[in-house]
$ cat run_32.tsv   # TSV, C-alpha atoms and all ligand atoms
chain	number	residue	atom	x	y	z
Q	1	MET	CA	-50.37	-57.37	203.61
Q	2	LYS	CA	-47.83	-55.32	201.67
Q	3	ILE	CA	-48.79	-51.70	202.14
Q	4	ALA	CA	-47.30	-48.44	200.83
Q	5	ILE	CA	-47.81	-45.49	203.18
Q	6	VAL	CA	-47.54	-42.03	201.66
Q	7	CYS	CA	-47.28	-39.15	204.14
Q	8	TYR	CA	-45.53	-35.93	205.08
Q	9	PRO	CA	-42.35	-36.79	206.98
Q	10	THR	CA	-42.58	-33.78	209.31
Q	11	PHE	CA	-43.46	-33.20	212.98
Q	12	GLY	CA	-47.11	-32.46	211.98
Q	13	GLY	CA	-49.90	-34.70	213.25
Q	14	SER	CA	-50.68	-36.42	209.96
Q	15	GLY	CA	-47.06	-37.54	209.54
Q	16	VAL	CA	-46.93	-38.78	213.13
Q	17	VAL	CA	-50.19	-40.74	212.74
Q	18	ALA	CA	-49.02	-42.28	209.44
Q	19	THR	CA	-45.64	-43.24	210.89
Q	20	GLU	CA	-47.00	-44.74	214.11
Q	21	LEU	CA	-49.66	-46.63	212.15
Q	22	GLY	CA	-47.05	-48.05	209.75
Q	23	LEU	CA	-44.75	-49.08	212.60
Q	24	GLU	CA	-47.54	-50.87	214.45
Q	25	LEU	CA	-48.70	-52.59	211.27
Q	26	ALA	CA	-45.10	-53.74	210.69
Q	27	HIS	CA	-45.00	-54.97	214.28
Q	28	ARG	CA	-48.08	-57.07	213.51
Q	29	GLY	CA	-46.31	-58.68	210.55
Q	30	HIS	CA	-47.39	-56.52	207.61
Q	31	GLU	CA	-44.74	-55.32	205.15
Q	32	ILE	CA	-44.75	-51.53	205.20
Q	33	HIS	CA	-43.19	-49.22	202.61
Q	34	PHE	CA	-43.02	-45.53	203.53
Q	35	ILE	CA	-42.84	-43.40	200.41
Q	36	THR	CA	-42.10	-39.71	200.92
Q	37	TYR	CA	-39.45	-37.03	200.32
Q	38	ARG	CA	-37.56	-37.42	203.62
Q	39	GLN	CA	-37.32	-40.04	206.33
Q	40	PRO	CA	-40.31	-39.46	208.65
Q	41	VAL	CA	-39.20	-38.02	212.01
Q	42	ARG	CA	-40.55	-40.82	214.16
Q	43	LEU	CA	-39.52	-43.63	211.82
Q	44	ALA	CA	-37.42	-46.43	213.29
Q	45	LEU	CA	-35.96	-48.44	210.43
Q	46	LEU	CA	-34.54	-51.25	212.51
Q	47	ASN	CA	-37.45	-53.51	211.69
Q	48	PRO	CA	-37.30	-56.03	208.87
Q	49	ASN	CA	-40.89	-55.20	207.87
Q	50	VAL	CA	-40.25	-51.46	207.48
Q	51	HIS	CA	-38.90	-49.96	204.27
Q	52	TYR	CA	-38.39	-46.36	203.30
Q	53	HIS	CA	-38.22	-45.12	199.70
Q	54	GLU	CA	-37.28	-41.52	199.10
Q	55	VAL	CA	-38.98	-39.45	196.44
Q	56	ASN	CA	-36.48	-37.20	194.70
Q	57	VAL	CA	-37.50	-34.20	192.66
Q	58	PRO	CA	-34.63	-33.05	190.48
Q	59	GLU	CA	-34.37	-29.24	190.23
Q	60	TYR	CA	-34.82	-27.92	186.72
Q	61	PRO	CA	-34.60	-24.17	186.05
Q	62	LEU	CA	-37.55	-24.19	183.63
Q	63	PHE	CA	-39.91	-25.18	186.42
Q	64	HIS	CA	-41.16	-22.39	188.60
Q	65	TYR	CA	-42.75	-25.15	190.74
Q	66	GLN	CA	-41.01	-28.52	190.95
Q	67	PRO	CA	-43.49	-31.33	190.03
Q	68	TYR	CA	-43.55	-33.42	193.24
Q	69	GLU	CA	-46.79	-35.25	192.33
Q	70	LEU	CA	-45.15	-36.50	189.14
Q	71	ALA	CA	-42.10	-37.84	190.97
Q	72	LEU	CA	-44.28	-39.36	193.71
Q	73	SER	CA	-46.62	-41.15	191.31
Q	74	SER	CA	-43.67	-42.55	189.31
Q	75	LYS	CA	-42.03	-43.73	192.53
Q	76	LEU	CA	-45.28	-45.38	193.63
Q	77	VAL	CA	-45.56	-47.27	190.35
Q	78	ASP	CA	-41.93	-48.42	190.52
Q	79	MET	CA	-42.16	-49.53	194.17
Q	80	VAL	CA	-45.50	-51.33	193.72
Q	81	LYS	CA	-43.99	-53.32	190.86
Q	82	LEU	CA	-40.66	-54.00	192.57
Q	83	TYR	CA	-42.06	-55.07	195.98
Q	84	LYS	CA	-45.43	-56.39	194.80
Q	85	ILE	CA	-47.20	-53.91	197.06
Q	86	GLU	CA	-50.92	-54.70	197.38
Q	87	LEU	CA	-52.42	-51.49	198.76
Q	88	LEU	CA	-51.73	-47.73	198.91
Q	89	HIS	CA	-52.60	-45.79	202.04
Q	90	VAL	CA	-52.19	-42.07	201.51
Q	91	HIS	CA	-52.30	-39.65	204.45
Q	92	TYR	CA	-53.33	-36.05	203.79
Q	93	ALA	CA	-55.25	-35.61	200.55
Q	94	ILE	CA	-53.02	-32.96	199.00
Q	95	PRO	CA	-51.29	-33.95	196.78
Q	96	HIS	CA	-51.05	-37.56	197.92
Q	97	ALA	CA	-54.50	-38.76	196.84
Q	98	TYR	CA	-53.99	-37.11	193.47
Q	99	ALA	CA	-50.56	-38.75	192.96
Q	100	GLY	CA	-51.96	-42.07	194.22
Q	101	TYR	CA	-54.80	-41.95	191.70
Q	102	MET	CA	-52.32	-41.31	188.87
Q	103	ALA	CA	-50.19	-44.24	190.05
Q	104	LYS	CA	-53.29	-46.47	190.12
Q	105	GLN	CA	-54.11	-45.50	186.54
Q	106	MET	CA	-50.55	-46.14	185.32
Q	107	LEU	CA	-50.53	-49.53	187.04
Q	108	LYS	CA	-53.95	-50.40	185.61
Q	109	ASP	CA	-52.47	-49.86	182.16
Q	110	GLU	CA	-50.04	-52.65	182.97
Q	111	GLY	CA	-52.75	-54.94	184.31
Q	112	ILE	CA	-52.04	-54.24	188.01
Q	113	ILE	CA	-55.05	-53.31	190.13
Q	114	ILE	CA	-54.24	-51.74	193.49
Q	115	PRO	CA	-56.73	-50.17	195.91
Q	116	MET	CA	-56.08	-46.79	197.53
Q	117	VAL	CA	-57.14	-45.77	201.03
Q	118	THR	CA	-57.11	-42.00	201.64
Q	119	THR	CA	-57.06	-40.61	205.17
Q	120	LEU	CA	-58.19	-37.01	205.62
Q	121	HIS	CA	-56.46	-35.20	208.47
Q	122	GLY	CA	-57.99	-31.74	208.65
Q	123	THR	CA	-56.06	-28.90	207.10
Q	124	ASP	CA	-56.06	-30.84	203.81
Q	125	ILE	CA	-59.83	-30.17	203.77
Q	126	THR	CA	-60.62	-27.24	206.05
Q	127	LEU	CA	-57.73	-24.89	205.23
Q	128	VAL	CA	-56.08	-25.94	201.96
Q	129	GLY	CA	-58.31	-28.38	200.07
Q	130	ASN	CA	-61.25	-26.07	200.33
Q	131	HIS	CA	-59.44	-23.31	198.41
Q	132	PRO	CA	-61.08	-22.70	195.01
Q	133	PHE	CA	-57.74	-23.33	193.27
Q	134	TYR	CA	-57.52	-26.88	194.68
Q	135	LYS	CA	-61.12	-27.88	195.38
Q	136	THR	CA	-61.85	-29.59	192.02
Q	137	ALA	CA	-58.74	-31.78	192.03
Q	138	VAL	CA	-59.05	-32.58	195.75
Q	139	SER	CA	-62.73	-33.62	195.43
Q	140	PHE	CA	-61.88	-35.68	192.35
Q	141	SER	CA	-59.04	-37.60	194.00
Q	142	ILE	CA	-61.05	-38.27	197.17
Q	143	ASN	CA	-63.94	-39.57	195.08
Q	144	LYS	CA	-61.53	-41.81	193.17
Q	145	SER	CA	-60.13	-43.37	196.37
Q	146	ASP	CA	-61.37	-46.88	197.06
Q	147	VAL	CA	-61.77	-46.17	200.78
Q	148	VAL	CA	-61.83	-42.80	202.52
Q	149	THR	CA	-61.29	-42.27	206.24
Q	150	SER	CA	-61.36	-39.15	208.38
Q	151	VAL	CA	-59.88	-38.69	211.84
Q	152	SER	CA	-63.10	-37.34	213.40
Q	153	GLN	CA	-66.84	-37.12	212.83
Q	154	ASN	CA	-66.44	-33.35	212.66
Q	155	LEU	CA	-63.94	-33.62	209.79
Q	156	LYS	CA	-66.28	-36.02	207.99
Q	157	ASP	CA	-69.13	-33.49	208.30
Q	158	ASP	CA	-66.88	-30.63	207.16
Q	159	THR	CA	-65.66	-32.62	204.16
Q	160	TYR	CA	-69.22	-33.24	202.95
Q	161	LYS	CA	-70.03	-29.56	203.56
Q	162	LEU	CA	-66.97	-28.09	201.86
Q	163	LEU	CA	-66.25	-30.47	198.97
Q	164	ASN	CA	-68.32	-32.33	196.44
Q	165	ILE	CA	-67.82	-35.82	197.89
Q	166	LYS	CA	-69.90	-38.81	196.89
Q	167	LYS	CA	-67.81	-41.49	198.59
Q	168	GLU	CA	-68.65	-42.86	202.01
Q	169	ILE	CA	-66.27	-41.50	204.66
Q	170	ASN	CA	-65.33	-43.85	207.51
Q	171	VAL	CA	-64.42	-42.20	210.79
Q	172	ILE	CA	-61.32	-43.74	212.39
Q	173	PRO	CA	-60.04	-41.56	215.22
Q	174	ASN	CA	-56.36	-40.99	215.83
Q	175	PHE	CA	-54.70	-43.21	218.38
Q	176	ILE	CA	-52.01	-43.46	221.01
Q	177	GLU	CA	-49.70	-46.31	221.95
Q	178	LEU	CA	-50.34	-46.55	225.66
Q	179	ASP	CA	-47.98	-49.48	226.25
Q	180	LYS	CA	-45.08	-47.46	224.86
Q	181	ILE	CA	-45.96	-44.58	227.17
Q	182	ARG	CA	-45.97	-46.83	230.21
Q	183	ASN	CA	-42.46	-48.07	229.37
Q	184	GLU	CA	-41.23	-44.59	228.50
Q	185	SER	CA	-42.22	-43.30	231.93
Q	186	LEU	CA	-39.29	-45.30	233.32
Q	187	ILE	CA	-36.89	-42.97	231.54
Q	188	SER	CA	-36.00	-40.26	234.01
Q	189	CYS	CA	-35.60	-36.61	233.11
Q	190	GLN	CA	-35.02	-33.71	235.45
Q	191	ARG	CA	-38.18	-31.87	236.38
Q	192	SER	CA	-35.95	-29.23	237.96
Q	193	VAL	CA	-34.79	-28.17	234.48
Q	194	MET	CA	-38.34	-26.97	233.83
Q	195	ALA	CA	-39.73	-25.66	237.11
Q	196	GLU	CA	-39.33	-25.27	240.86
Q	197	THR	CA	-40.99	-27.94	243.02
Q	198	ASN	CA	-43.80	-25.57	244.05
Q	199	GLU	CA	-44.60	-24.59	240.45
Q	200	ARG	CA	-47.17	-26.16	238.13
Q	201	ILE	CA	-45.99	-27.11	234.64
Q	202	ILE	CA	-48.22	-26.02	231.77
Q	203	THR	CA	-47.44	-27.20	228.24
Q	204	HIS	CA	-48.30	-26.46	224.63
Q	205	ILE	CA	-47.02	-28.45	221.64
Q	206	SER	CA	-47.68	-27.51	218.01
Q	207	ASN	CA	-46.31	-26.25	214.73
Q	208	PHE	CA	-46.93	-22.64	215.89
Q	209	ARG	CA	-49.15	-21.84	212.93
Q	210	LYS	CA	-51.79	-19.10	213.14
Q	211	VAL	CA	-54.54	-21.69	213.52
Q	212	LYS	CA	-53.08	-22.64	216.95
Q	213	ARG	CA	-53.79	-19.12	218.35
Q	214	ILE	CA	-50.39	-18.88	220.04
Q	215	PRO	CA	-51.04	-15.41	221.58
Q	216	ASP	CA	-54.08	-16.92	223.39
Q	217	ILE	CA	-51.77	-19.47	225.00
Q	218	ILE	CA	-49.47	-16.77	226.31
Q	219	THR	CA	-52.43	-14.72	227.58
Q	220	ILE	CA	-54.01	-17.72	229.34
Q	221	PHE	CA	-50.70	-18.54	230.98
Q	222	TYR	CA	-50.22	-14.89	231.98
Q	223	LYS	CA	-53.53	-15.05	233.88
Q	224	ILE	CA	-52.71	-18.43	235.46
Q	225	GLN	CA	-49.28	-17.40	236.75
Q	226	GLN	CA	-50.81	-14.34	238.42
Q	227	GLN	CA	-52.69	-16.75	240.74
Q	228	ILE	CA	-50.55	-19.90	240.89
Q	229	PRO	CA	-46.75	-20.29	240.67
Q	230	SER	CA	-46.20	-21.93	237.30
Q	231	LYS	CA	-44.05	-22.29	234.20
Q	232	LEU	CA	-45.06	-22.63	230.55
Q	233	MET	CA	-43.34	-25.10	228.21
Q	234	MET	CA	-43.71	-24.09	224.55
Q	235	VAL	CA	-42.68	-27.02	222.38
Q	236	GLY	CA	-42.41	-26.82	218.59
Q	237	ASP	CA	-41.51	-24.31	215.95
Q	238	GLY	CA	-43.32	-22.28	213.33
Q	239	PRO	CA	-44.29	-18.86	212.04
Q	240	GLU	CA	-45.88	-17.56	215.28
Q	241	LYS	CA	-42.94	-18.37	217.56
Q	242	ALA	CA	-41.13	-15.03	217.31
Q	243	ARG	CA	-44.37	-13.16	218.06
Q	244	ALA	CA	-44.96	-15.37	221.08
Q	245	GLU	CA	-41.48	-14.68	222.44
Q	246	GLN	CA	-42.06	-10.96	221.94
Q	247	LEU	CA	-45.40	-11.14	223.78
Q	248	CYS	CA	-43.73	-12.87	226.74
Q	249	PHE	CA	-41.27	-9.96	226.98
Q	250	GLU	CA	-44.06	-7.39	226.75
Q	251	LEU	CA	-45.94	-9.12	229.57
Q	252	GLY	CA	-42.77	-9.51	231.64
Q	253	ILE	CA	-43.08	-13.30	231.87
Q	254	GLN	CA	-40.08	-14.24	229.70
Q	255	ASP	CA	-38.37	-16.02	232.62
Q	256	LYS	CA	-41.47	-18.19	233.17
Q	257	VAL	CA	-41.76	-19.47	229.59
Q	258	ILE	CA	-39.37	-21.98	228.02
Q	259	PHE	CA	-39.30	-22.30	224.22
Q	260	PHE	CA	-37.93	-25.74	223.36
Q	261	GLY	CA	-38.21	-25.72	219.54
Q	262	ASN	CA	-38.84	-29.09	217.88
Q	263	SER	CA	-37.91	-31.26	220.84
Q	264	ASN	CA	-37.37	-35.00	220.77
Q	265	GLU	CA	-38.22	-35.12	224.47
Q	266	ILE	CA	-41.96	-34.56	224.18
Q	267	ASP	CA	-42.75	-37.62	226.31
Q	268	GLN	CA	-40.44	-36.48	229.10
Q	269	ILE	CA	-41.93	-32.97	229.09
Q	270	LEU	CA	-45.49	-34.33	229.13
Q	271	SER	CA	-44.67	-36.75	231.92
Q	272	TYR	CA	-44.08	-33.75	234.22
Q	273	SER	CA	-46.89	-31.54	232.91
Q	274	ASP	CA	-49.95	-30.62	234.95
Q	275	LEU	CA	-51.99	-29.01	232.19
Q	276	PHE	CA	-52.03	-28.83	228.38
Q	277	LEU	CA	-53.29	-25.81	226.43
Q	278	LEU	CA	-54.80	-26.11	222.94
Q	279	PRO	CA	-57.00	-23.06	222.19
Q	280	SER	CA	-56.91	-23.62	218.38
Q	281	GLU	CA	-59.13	-21.79	215.91
Q	282	THR	CA	-59.91	-25.21	214.47
Q	283	GLU	CA	-58.57	-28.70	215.04
Q	284	SER	CA	-59.93	-31.71	213.19
Q	285	PHE	CA	-58.80	-33.96	216.02
Q	286	GLY	CA	-56.04	-32.54	218.24
Q	287	LEU	CA	-53.50	-35.33	218.42
Q	288	ALA	CA	-51.26	-33.28	220.73
Q	289	ALA	CA	-54.11	-33.11	223.26
Q	290	LEU	CA	-54.53	-36.89	223.12
Q	291	GLU	CA	-50.79	-37.39	223.61
Q	292	ALA	CA	-50.97	-35.15	226.68
Q	293	MET	CA	-53.99	-37.03	228.06
Q	294	ALA	CA	-52.14	-40.32	227.60
Q	295	TRP	CA	-49.57	-38.87	230.02
Q	296	SER	CA	-52.41	-38.04	232.44
Q	297	VAL	CA	-52.34	-34.36	231.58
Q	298	PRO	CA	-55.75	-32.60	231.56
Q	299	VAL	CA	-56.51	-30.33	228.62
Q	300	ILE	CA	-57.84	-26.78	228.33
Q	301	SER	CA	-58.94	-26.38	224.73
Q	302	SER	CA	-61.29	-24.56	222.45
Q	303	ASN	CA	-64.50	-26.34	221.51
Q	304	SER	CA	-63.93	-26.13	217.78
Q	305	GLY	CA	-63.67	-28.89	215.17
Q	306	GLY	CA	-63.14	-32.40	216.48
Q	307	LEU	CA	-61.80	-31.33	219.89
Q	308	PRO	CA	-65.03	-32.24	221.75
Q	309	GLU	CA	-64.57	-35.79	220.42
Q	310	VAL	CA	-61.22	-36.04	222.25
Q	311	ASN	CA	-61.35	-33.70	225.25
Q	312	PHE	CA	-64.44	-34.34	227.37
Q	313	HIS	CA	-65.77	-31.19	229.07
Q	314	GLY	CA	-65.54	-31.36	232.86
Q	315	ILE	CA	-63.88	-34.79	232.69
Q	316	SER	CA	-60.50	-34.77	230.92
Q	317	GLY	CA	-60.39	-30.96	230.98
Q	318	TYR	CA	-62.56	-28.11	229.80
Q	319	LEU	CA	-63.62	-26.62	226.46
Q	320	SER	CA	-64.40	-22.94	225.76
Q	321	ASN	CA	-65.38	-20.86	222.78
Q	322	VAL	CA	-62.50	-19.94	220.48
Q	323	GLY	CA	-60.74	-16.82	221.81
Q	324	ASP	CA	-62.43	-16.84	225.24
Q	325	VAL	CA	-59.14	-16.63	227.12
Q	326	ASP	CA	-60.85	-15.53	230.35
Q	327	ASP	CA	-62.96	-18.69	230.46
Q	328	MET	CA	-59.94	-20.85	229.55
Q	329	ALA	CA	-57.81	-19.26	232.30
Q	330	SER	CA	-60.57	-19.62	234.88
Q	331	ASN	CA	-61.06	-23.31	233.94
Q	332	ALA	CA	-57.32	-23.85	234.16
Q	333	LEU	CA	-57.29	-22.36	237.66
Q	334	LYS	CA	-60.22	-24.58	238.65
Q	335	ILE	CA	-58.15	-27.65	237.74
Q	336	LEU	CA	-54.83	-26.46	239.14
Q	337	SER	CA	-55.70	-24.76	242.38
Q	338	ASP	CA	-56.58	-27.84	244.37
Q	339	GLU	CA	-54.51	-31.05	244.65
Q	340	THR	CA	-57.53	-33.38	244.79
Q	341	THR	CA	-59.22	-31.82	241.76
Q	342	LEU	CA	-55.97	-31.95	239.78
Q	343	ALA	CA	-55.46	-35.62	240.67
Q	344	GLN	CA	-59.04	-36.41	239.59
Q	345	PHE	CA	-58.64	-34.63	236.23
Q	346	LYS	CA	-55.31	-36.36	235.66
Q	347	ALA	CA	-56.85	-39.77	236.28
Q	348	ASN	CA	-59.81	-38.90	234.03
Q	349	ALA	CA	-57.52	-37.70	231.22
Q	350	LEU	CA	-55.79	-41.07	231.16
Q	351	GLU	CA	-59.12	-42.94	231.25
Q	352	VAL	CA	-60.39	-41.00	228.21
Q	353	ALA	CA	-57.06	-41.54	226.38
Q	354	LYS	CA	-57.49	-45.29	226.85
Q	355	LYS	CA	-60.44	-45.18	224.44
Q	356	PHE	CA	-57.94	-44.25	221.71
Q	357	ASP	CA	-55.43	-47.01	222.37
Q	358	ILE	CA	-53.74	-48.21	219.19
Q	359	LYS	CA	-54.86	-51.77	220.06
Q	360	ILE	CA	-58.48	-50.67	219.60
Q	361	ILE	CA	-57.98	-48.40	216.57
Q	362	LEU	CA	-55.51	-50.34	214.42
Q	363	PRO	CA	-57.87	-53.27	213.66
Q	364	LEU	CA	-60.32	-50.72	212.22
Q	365	TYR	CA	-57.73	-49.85	209.57
Q	366	GLU	CA	-56.88	-53.52	208.98
Q	367	ASN	CA	-60.58	-54.30	208.38
Q	368	LEU	CA	-60.85	-51.50	205.83
Q	369	TYR	CA	-57.68	-52.68	204.07
Q	370	ARG	CA	-59.15	-56.19	203.78
Q	371	LYS	CA	-62.43	-54.78	202.48
Q	372	ALA	CA	-60.60	-52.64	199.90
Q	373	LEU	CA	-58.52	-55.60	198.74
Q	374	LYS	CA	-61.59	-57.82	198.47
Q	375	GLU	CA	-63.53	-55.29	196.46
Q	376	SER	CA	-60.71	-54.29	194.08
T	1	LIG	O1	-52.09	-29.36	213.39
T	1	LIG	C1	-51.58	-29.09	212.32
T	1	LIG	O2	-51.58	-27.98	211.84
T	1	LIG	C2	-50.91	-30.20	211.55
T	1	LIG	C3	-51.96	-31.03	210.87
T	1	LIG	C4	-51.32	-32.04	209.96
T	1	LIG	O3	-51.76	-32.09	208.85
T	1	LIG	O4	-50.45	-32.80	210.32
T	1	LIG	O5	-52.75	-31.67	211.85
T	1	LIG	C5	-53.99	-32.17	211.44
T	1	LIG	O6	-53.93	-33.59	211.49
T	1	LIG	C6	-53.72	-34.11	212.82
T	1	LIG	C7	-53.60	-35.62	212.73
T	1	LIG	O7	-54.74	-36.22	212.22
T	1	LIG	C8	-54.89	-33.67	213.73
T	1	LIG	O8	-54.69	-34.19	215.02
T	1	LIG	C9	-54.93	-32.14	213.77
T	1	LIG	O9	-56.05	-31.75	214.54
T	1	LIG	C10	-55.06	-31.58	212.37
T	1	LIG	N1	-54.91	-30.13	212.42
T	1	LIG	C11	-55.92	-29.28	212.17
T	1	LIG	O10	-57.03	-29.66	211.86
T	1	LIG	C12	-55.59	-27.84	212.32

$ encode --input "run_32.tsv" --output "structure tokens"
Amino acid sequence: MKIAIVCYPTFGGSGVVATELGLELAHRGHEIHFITYRQPVRLALLNPNVHYHEVNVPEYPLFHYQPYELALSSKLVDMVKLYKIELLHVHYAIPHAYAGYMAKQMLKDEGIIIPMVTTLHGTDITLVGNHPFYKTAVSFSINKSDVVTSVSQNLKDDTYKLLNIKKEINVIPNFIELDKIRNESLISCQRSVMAETNERIITHISNFRKVKRIPDIITIFYKIQQQIPSKLMMVGDGPEKARAEQLCFELGIQDKVIFFGNSNEIDQILSYSDLFLLPSETESFGLAALEAMAWSVPVISSNSGGLPEVNFHGISGYLSNVGDVDDMASNALKILSDETTLAQFKANALEVAKKFDIKIILPLYENLYRKALKES
């Protein structure tokens, strides 16, 4: 199939999922065209089946807001015609589903019918799409998609609750490429850069937005390090980072916390981690937790959103109510304090991650693509 993938090219989960999906589809022989405003961070272009088309939005002083949707929908029309693309798969509803619908309409005018698959990722529904200023257009473009998928059952339920959706939503969970991880583990990196041999390594990876409850992470770690020698790896960048650094100073733990920024060595850091913290306010799926589990790292998370669909309580880690840092710290200590328990949780984390192997999940997308093409 010839498929256009529209996504955000950033470090965020939706961009990572879209990129990894496109690369695996290309690996399986499909022709994949990424269409976005910058080259996606995890995109490897050295594959004859992978193409990247940049959307440019020329600056014009009259515009207070530059019209990205307009440029994107024009680019989609041009690329569909040039490469004879058969299907659009847009990741993150805003504004991609809207631009995709416009492209479909323009193409229809020229006698070209192309189905659109829209994948909902979470914040496009629960934080942004739900806003009264966007709700009407977001509901409209989801309803006009030929196929809609969501990354968890919880997000599906939320979407029906929050928006006026009449379309069926298919749940296809996010995935992980376990084979790649096994090969990657051969690449050595120095554990000693992160911690002493007697210290446990605790990790958090995110975009440091408010929804991630960054101060909770620092507080949980503060409680852990009082009982067990440990270091905290804070990977990523975003609005809450400066506050987190400040909190570490206030608590006197600044020498026990490493802030990496947007690192390209996530796999190496995870390969040495003993525990992953994700106490988010809400999380439609929690891809970072799954990535940790794939590296055999147990997860301490909140129980909100789709997290219970990924992190299994008492098996791959523990879940607590949002903001219950005492419970999260005590669960973390339960896992870390004893070698045998830690080894058991590590093994369990990997077992649960195996349920989300790309080999199992990717055919679910392929089946929906075929269905959409057949019905269009
Ligand atoms: O986590 C974020 O804030 C980034 C956001 C995104 O749009 O990339 O992540 C969302 O999509 C990911 C991939 O499907 C999910 O794993 C995240 O749980 C989801 N984030 C939220 O729901 C807050």

$ atom_distance --input "run_32.tsv" --atom1 "atom CA of Gln246 of chain Q" --atom2 "atom CA of Ile218 of chain Q"
10.4 Å

$ atom_distance --input "run_32.tsv" --atom1 "atom CA of Leu163 of chain Q" --atom2 "atom CA of Pro308 of chain Q"
22.9 Å

$ residues_around --input "run_32.tsv" --residues "Ile165 of chain Q" --least-positions-apart "4" --cutoff "7 Å" --atoms "all atoms listed in the file" --output "list in words"
Ser139, Asn143 and Tyr160 of chain Q

$ closest_residue --input "run_32.tsv" --among "Q:Leu107, Q:Ile228, Q:Ile214, Q:Val6" --to "Ala244 of chain Q" --atoms "only C-alpha atoms"
Q:Ile214

$ residues_near_ligand --input "run_32.tsv" --ligand "ligand LIG 1 (chain T)" --cutoff "6 Å" --atoms "all atoms listed in the file" --output "ChimeraX atom specification"
/Q:12-15,121-123,151,282-287

$ atom_distance --input "run_32.tsv" --atom1 "atom CA of Cys248 of chain Q" --atom2 "atom CA of Ala332 of chain Q"
19.0 Å

$ closest_residue --input "run_32.tsv" --among "Q:Pro173, Q:Gly317, Q:Pro132, Q:Gly22" --to "Asn348 of chain Q" --atoms "only C-alpha atoms"
Q:Gly317

$ residues_around --input "run_32.tsv" --residues "Ile269 of chain Q" --least-positions-apart "4" --cutoff "12 Å" --atoms "all atoms listed in the file" --output "PyMOL selection string"
chain Q and resi 184-185+187-195+201-205+232-235+258+260+263-265+273-276+291-292+295+297

$ axis_aligned_box --input "run_32.tsv" --around "segment 244-248 of chain Q" --padding-each-side "8 Å" --output "JSON"
{"center_x": -43.4, "center_y": -13.2, "center_z": 223.9, "size_x": 19.9, "size_y": 20.4, "size_z": 21.7}

$ closest_residue --input "run_32.tsv" --among "Q:Ser302, Q:Ser296, Q:Gln39, Q:Gln105" --to "Ser280 of chain Q" --atoms "all atoms listed in the file"
Q:Ser302

$ residues_around --input "run_32.tsv" --residues "His33 of chain Q" --least-positions-apart "4" --cutoff "9 Å" --atoms "only C-alpha atoms" --output "list in words"
Lys2, Ile3, Ala4, Ile5, Val6, Gly22, Asn49, Val50, His51, Tyr52, His53, Met79, Tyr83 and Ile85 of chain Q
